[in-house]
Protein chains: 2
Amino acid sequence: MRDERNTDGTELALAGQPPLERSDAARNRQRILDAAAQLLAEKGPEAVTMNVVAQLAGIGVGTVYRRFGDLTQLLLALLDHRERQFQQAFLSGPMPLGPGAPPRDRLRAFLHALVDHVAEHQTVMLAAEAASPLARYTTGPYLAWHLHVSMLVRRIWPDADAGVMANLLLSLCPPSLIRHLTARQGITPEQIRMSIDQLLDAPPR
Amino acid sequence: MRDERNTDGTELALAGQPPLERSDAARNRQRILDAAAQLLAEKGPEAVTMNVVAQLAGIGVGTVYRRFGDLTQLLLALLDHRERQFQQAFLSGPMPLGPGAPPRDRLRAFLHALVDHVAEHQTVMLAAEAASPLARYTTGPYLAWHLHVSMLVRRIWPDADAGVMANLLLSLCPPSLIRHLTARQGITPEQIRMSIDQLLDAPPR
DNA sequence: TTGCTAACCGGATAGCTATCCGCGTACTCG
DNA sequence: CGAGTACGCGGATAGCTATCCGGTTAGCAA
């Protein structure tokens, strides 16, 4: 993955704000993530409990809580890598998702991509949502989505409340709904995207 | 308190099918609901736990689970009365919420009313959502909302997938979002209603 | 190398949800 | 009115999340 130690502390002079993680702490963080990922892959999201993760990682449960706060954050940490990819796609990727396209097209492309993104990671996201529903709105990824959509909304509906509107648009694909539609009703992400388009193109006067 | 038996059949509309509840069971159901309502009113939704409810009601915890299945359903049962009022309002109340108005106006009125309804009961609904996020989509109230909105959608967008579209519209006001906006951001239900309108009136080409 | 200290470790613990099963009782039928 | 039985009762239990705190160790400095 990466260096075991941040031996070169001297060079971190200007990045020195975070007080620097001790090497055993960094090692254990990685063990925890590995154990959680393994459990998730082999036995599904139900099996990812703090106790089991700690045991599999060979450390105490208290350590897991100190590193990740709670189960929700541990689960979300597993998605971190994919989340960064997604962010890069809509911040600086190719059109129409990335910059350059008209705001309306970018919004549509973003919502399409978000549906797929959520559908792909529904198990983890749903487990996180179950552990604490309000957490969603304060996670890094959500805030990034919100910022992006707000910007687009300001350009599409100049006199709307962009903050609220962005939240409404994002709530069109919560993990629980995606899961309900795809797993319990046999709906495909494609069908969901079509309905979203129809909703945004809206009013048959 | 009230009648020991459901001889009067108040709730049992046309159903003799359910094999009739034993009197001690009915008495305990009421005690549980009373205890839960009291806890909710006096100490907030956090305090409503199965153990505490059982103790306050003076019965065993096993009984609470047999009567209500799980915490989510117990909490939702507390809303049952209000839920029926709300249903009556959009099924047979005055225009524009009730029948008679153009579908588009009814949909708008329904979403406005739903925002208020959710905002009013956000604490209970949020606790229910936290206990199990997927339950939302299979509760009686949600199914009733969905049926109603589907009907309106079929008339507004005749060639849309009404089922999916209705779910999307309903997910515009999940308890968690309403709570997040009102409690943590200082947004009023009125502002949320305005943004919903703007979204539905949609596209500034 | 040695000593110091802040940070980390992890088992014990409290309180929760949900299930199980032997005991007790309300209702039915003769 | 009296006996049988199906249903309800509720304490004991397992497994979970999250917290706490005394013992331990990594990293730094001399």
# chains A, B, ... in the order shown; residues from 1 in each chain; ligands from 1
call {"tool": "residues_around", "arguments": {"residues": "Val115 (chain A)", "least_positions_apart": "4", "cutoff": "8 Å", "atoms": "only C-alpha atoms (C1' of nucleotides)", "output": "JSON, numbers by chain"}}
result
{"A": [111, 119, 173, 178, 189, 192, 193]}
call {"tool": "residues_around", "arguments": {"residues": "Arg136 (chain A)", "least_positions_apart": "4", "cutoff": "12 Å", "atoms": "only C-alpha atoms (C1' of nucleotides)", "output": "number ranges by chain"}}
result
A: 72-73, 76, 125-132, 140-146, 167, 170-171, 174-176; B: 130, 176-177, 180
call {"tool": "calpha_fit_rmsd", "arguments": {"fixed": "chain A", "moving": "chain B"}}
result
2.2 Å
call {"tool": "atom_distance", "arguments": {"atom1": "CA of Pro102 (chain B)", "atom2": "CA of Gln191 (chain B)"}}
result
23.8 Å
call {"tool": "closest_atom_pairs", "arguments": {"of": "chain B", "to": "chain C", "cutoff": "10 Å", "atoms": "only C-alpha atoms (C1' of nucleotides)", "output": "CSV"}}
result
residue,atom,partner,partner_atom,distance
B:Arg22,CA,C:DA26,C1',7.0
B:Ser23,CA,C:DA26,C1',7.4
B:Asp24,CA,C:DA26,C1',7.6
B:Ala25,CA,C:DA26,C1',9.8
B:Thr49,CA,C:DC16,C1',7.8
B:Met50,CA,C:DT17,C1',7.8
B:Asn51,CA,C:DC16,C1',8.3
B:Val61,CA,C:DA18,C1',9.8
B:Gly62,CA,C:DT19,C1',8.5
B:Tyr65,CA,C:DA18,C1',7.9
B:Gly69,CA,C:DA18,C1',9.2
B:Asp70,CA,C:DA18,C1',8.0
B:Leu71,CA,C:DT17,C1',8.4
B:Ala131,CA,C:DT17,C1',9.8
call {"tool": "select_by_dssp", "arguments": {"residues": "region 7-202 of chain A", "states": "helix (DSSP H, G or I)", "output": "number ranges by chain"}}
result
A: 9-15, 23-43, 45-47, 50-57, 61-68, 71-92, 103-120, 122-131, 133-138, 140-156, 162-170, 175-185, 189-201
call {"tool": "closest_atom_pairs", "arguments": {"of": "chain D", "to": "chain B", "cutoff": "10 Å", "atoms": "only C-alpha atoms (C1' of nucleotides)", "output": "Markdown table"}}
result
| residue | atom | partner | partner_atom | distance |
| --- | --- | --- | --- | --- |
| D:DC7 | C1' | B:Arg22 | CA | 8.2 |
| D:DG8 | C1' | B:Ala25 | CA | 6.8 |
| D:DC9 | C1' | B:Thr63 | CA | 6.6 |
| D:DG10 | C1' | B:Gly60 | CA | 4.2 |
| D:DG11 | C1' | B:Gly60 | CA | 7.3 |
call {"tool": "atom_distance", "arguments": {"atom1": "CA of Pro133 (chain A)", "atom2": "CA of Thr123 (chain B)"}}
result
12.5 Å
call {"tool": "closest_residue", "arguments": {"among": "A:Val53, A:Ala101, A:Leu75, A:Leu200", "to": "chain B", "atoms": "only C-alpha atoms"}}
result
A:Leu200
